[in-house]
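See structure below.
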Amino acid sequence: MRALVADDAKMMRTIIRRTLESMGFDAVVEAEDGAQAVDAFRGDVFDIVLTDWNMPHKDGLQVLKDIRASDTNVPVIIITTEGQQQHVLEAVKAGVSDYILKPFEADSLKEKVTKHVPSLV
């Protein structure tokens with residue numbers, strides 16, 4: 001199982017990576033900005049993508065749009081902060097699979113990922 005995690009906060013990437021590894025993902029590729037995320041996606045195959053909304057170079061919405069332009073099936077989960085409901089609506093229109101509000105518990109992350117990657121069950 002392969003995952004792509006995009007977040008400009010190293011601590012957040014580490015938390016998500018460790019959670020995914022504990023779930024059985026054997027490869028978690030990290031990107032520190034949106035442009036890196038899109039480049040990584042174009043050069044690899046992933047079972048799921050988790051991306052922060054607010055990042056340099058490309059925000060999570062643009063990452064989602066770029067991914068959807070080439071792959072309409074891979075699950076993409078956007079991570080955003082409470083109070084940014086407009087972001088969620090924009091992401092839904094662009095084809096997001098799900099979203100997670102920060103701050104979140106590891107169990108919430110696991111639940112969302114398992115929902116979209118059935119082979120984990």
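Labeling convention for the structure tokens: chains A, B, ... as they appear, residues from 1 per chain, ligands from 1 in order of appearance.
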
**Request:** Apply DSSP to the backbone of this structure and, from range 1-47 of chain A, keep only the residues in strand (DSSP E); write these as a list of chain:residue names.
**Result:**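 Written out, the strand (DSSP E) residues of range 1-47 of chain A are A:Arg2, A:Ala3, A:Leu4, A:Val5, A:Ala6, A:Ala27, A:Val28, A:Val29, A:Glu30, A:Ala31.
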
**Asked** If you count only C-alpha atoms, which residues fall within 10 Å of Asp66 in chain A, apart from same-chain ones fewer than 6 positions away, as a PyMOL selection string?
**Response** chain A and resi 34-35+37-39+41-42+58+60+94

Take the residues just selected and output them with C-alpha atoms as a short mmCIF file (atom, residue, chain, number, x, y, z; two decimals), in the first residue's frame.
```
data_model
loop_
_atom_site.label_atom_id
_atom_site.label_comp_id
_atom_site.auth_asym_id
_atom_site.auth_seq_id
_atom_site.Cartn_x
_atom_site.Cartn_y
_atom_site.Cartn_z
CA GLY A 34 1.63 21.42 -3.30
CA ALA A 35 3.99 21.49 -6.27
CA ALA A 37 2.84 16.70 -4.19
CA VAL A 38 1.73 16.98 -7.81
CA ASP A 39 5.20 16.04 -9.08
CA PHE A 41 1.83 11.94 -7.87
CA ARG A 42 2.74 12.14 -11.54
CA LYS A 58 -0.07 25.12 -4.75
CA GLY A 60 -4.71 21.60 -1.49
CA ALA A 94 -13.57 19.52 -7.41
#
```

**Message:** I'd like to know which residues of range 4-118 of chain A are alpha helix (DSSP H) (by DSSP, run on the backbone); could you write them as number ranges by chain?
**Reply:** A: 10-22, 34-42, 60-70, 85-94, 106-116

Writing out the chosen residues with C-alpha atoms as a PDB file, in the first residue's frame:
```pdb
ATOM      1  CA  LYS A  10       6.888  18.522   9.041  1.00  0.00           C
ATOM      2  CA  MET A  11       5.324  17.538  12.368  1.00  0.00           C
ATOM      3  CA  MET A  12       1.939  16.973  10.704  1.00  0.00           C
ATOM      4  CA  ARG A  13       3.513  14.881   7.931  1.00  0.00           C
ATOM      5  CA  THR A  14       5.282  12.786  10.550  1.00  0.00           C
ATOM      6  CA  ILE A  15       2.076  12.200  12.537  1.00  0.00           C
ATOM      7  CA  ILE A  16       0.163  11.185   9.418  1.00  0.00           C
ATOM      8  CA  ARG A  17       3.016   9.006   8.119  1.00  0.00           C
ATOM      9  CA  ARG A  18       3.340   7.135  11.414  1.00  0.00           C
ATOM     10  CA  THR A  19      -0.411   6.597  11.583  1.00  0.00           C
ATOM     11  CA  LEU A  20      -0.503   5.239   8.030  1.00  0.00           C
ATOM     12  CA  GLU A  21       2.484   2.972   8.675  1.00  0.00           C
ATOM     13  CA  SER A  22       0.731   1.587  11.758  1.00  0.00           C
ATOM     14  CA  GLY A  34       1.632  21.419  -3.305  1.00  0.00           C
ATOM     15  CA  ALA A  35       3.994  21.494  -6.271  1.00  0.00           C
ATOM     16  CA  GLN A  36       6.053  18.637  -4.801  1.00  0.00           C
ATOM     17  CA  ALA A  37       2.842  16.696  -4.195  1.00  0.00           C
ATOM     18  CA  VAL A  38       1.727  16.982  -7.812  1.00  0.00           C
ATOM     19  CA  ASP A  39       5.204  16.040  -9.076  1.00  0.00           C
ATOM     20  CA  ALA A  40       5.301  13.011  -6.758  1.00  0.00           C
ATOM     21  CA  PHE A  41       1.827  11.939  -7.865  1.00  0.00           C
ATOM     22  CA  ARG A  42       2.742  12.140 -11.544  1.00  0.00           C
ATOM     23  CA  GLY A  60      -4.711  21.605  -1.495  1.00  0.00           C
ATOM     24  CA  LEU A  61      -7.510  22.541  -3.875  1.00  0.00           C
ATOM     25  CA  GLN A  62      -5.085  22.948  -6.784  1.00  0.00           C
ATOM     26  CA  VAL A  63      -3.370  19.677  -5.837  1.00  0.00           C
ATOM     27  CA  LEU A  64      -6.792  17.996  -5.928  1.00  0.00           C
ATOM     28  CA  LYS A  65      -7.637  19.523  -9.311  1.00  0.00           C
ATOM     29  CA  ASP A  66      -4.279  18.499 -10.791  1.00  0.00           C
ATOM     30  CA  ILE A  67      -4.712  14.932  -9.519  1.00  0.00           C
ATOM     31  CA  ARG A  68      -8.295  14.716 -10.782  1.00  0.00           C
ATOM     32  CA  ALA A  69      -7.141  15.859 -14.227  1.00  0.00           C
ATOM     33  CA  SER A  70      -5.208  12.602 -14.582  1.00  0.00           C
ATOM     34  CA  GLN A  85     -16.219  25.288   5.504  1.00  0.00           C
ATOM     35  CA  GLN A  86     -16.022  27.190   2.205  1.00  0.00           C
ATOM     36  CA  HIS A  87     -12.866  25.199   1.475  1.00  0.00           C
ATOM     37  CA  VAL A  88     -14.769  21.964   2.002  1.00  0.00           C
ATOM     38  CA  LEU A  89     -17.501  23.058  -0.419  1.00  0.00           C
ATOM     39  CA  GLU A  90     -14.932  23.996  -3.069  1.00  0.00           C
ATOM     40  CA  ALA A  91     -13.160  20.669  -2.600  1.00  0.00           C
ATOM     41  CA  VAL A  92     -16.414  18.710  -2.944  1.00  0.00           C
ATOM     42  CA  LYS A  93     -17.092  20.460  -6.256  1.00  0.00           C
ATOM     43  CA  ALA A  94     -13.572  19.523  -7.410  1.00  0.00           C
ATOM     44  CA  ALA A 106      -5.436   9.330  15.033  1.00  0.00           C
ATOM     45  CA  ASP A 107      -8.591   7.195  15.208  1.00  0.00           C
ATOM     46  CA  SER A 108     -10.447   9.719  13.055  1.00  0.00           C
ATOM     47  CA  LEU A 109      -7.679   9.624  10.459  1.00  0.00           C
ATOM     48  CA  LYS A 110      -7.661   5.818  10.496  1.00  0.00           C
ATOM     49  CA  GLU A 111     -11.436   5.712  10.055  1.00  0.00           C
ATOM     50  CA  LYS A 112     -11.367   8.024   7.020  1.00  0.00           C
ATOM     51  CA  VAL A 113      -8.472   6.196   5.368  1.00  0.00           C
ATOM     52  CA  THR A 114     -10.040   2.766   5.953  1.00  0.00           C
ATOM     53  CA  LYS A 115     -13.303   4.020   4.438  1.00  0.00           C
ATOM     54  CA  HIS A 116     -11.517   4.852   1.178  1.00  0.00           C
TER      55      HIS A 116
END
```

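For Asp59 in chain A, the non-local neighbours within 10 Å, defined as residues at least 5 positions apart in the same chain or in other chains and counting only C-alpha atoms, are Ala6, Asp7, Asp33, Gly34, Ala35, Thr51, Asp52, Trp53, Asn54 and Leu64 of chain A.
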
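Coordinates place CA of Val5 in chain A at a distance of 4.9 Å from CA of Glu30 in chain A.
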
**Prompt:** Looking at A:Pro103, A:Pro75, A:Gly95, A:Pro118, which one is nearest to Phe46 in chain A, with distances taken over only C-alpha atoms?
**Reply:**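 Closest to Phe46 in chain A, using only C-alpha atoms: A:Pro75.
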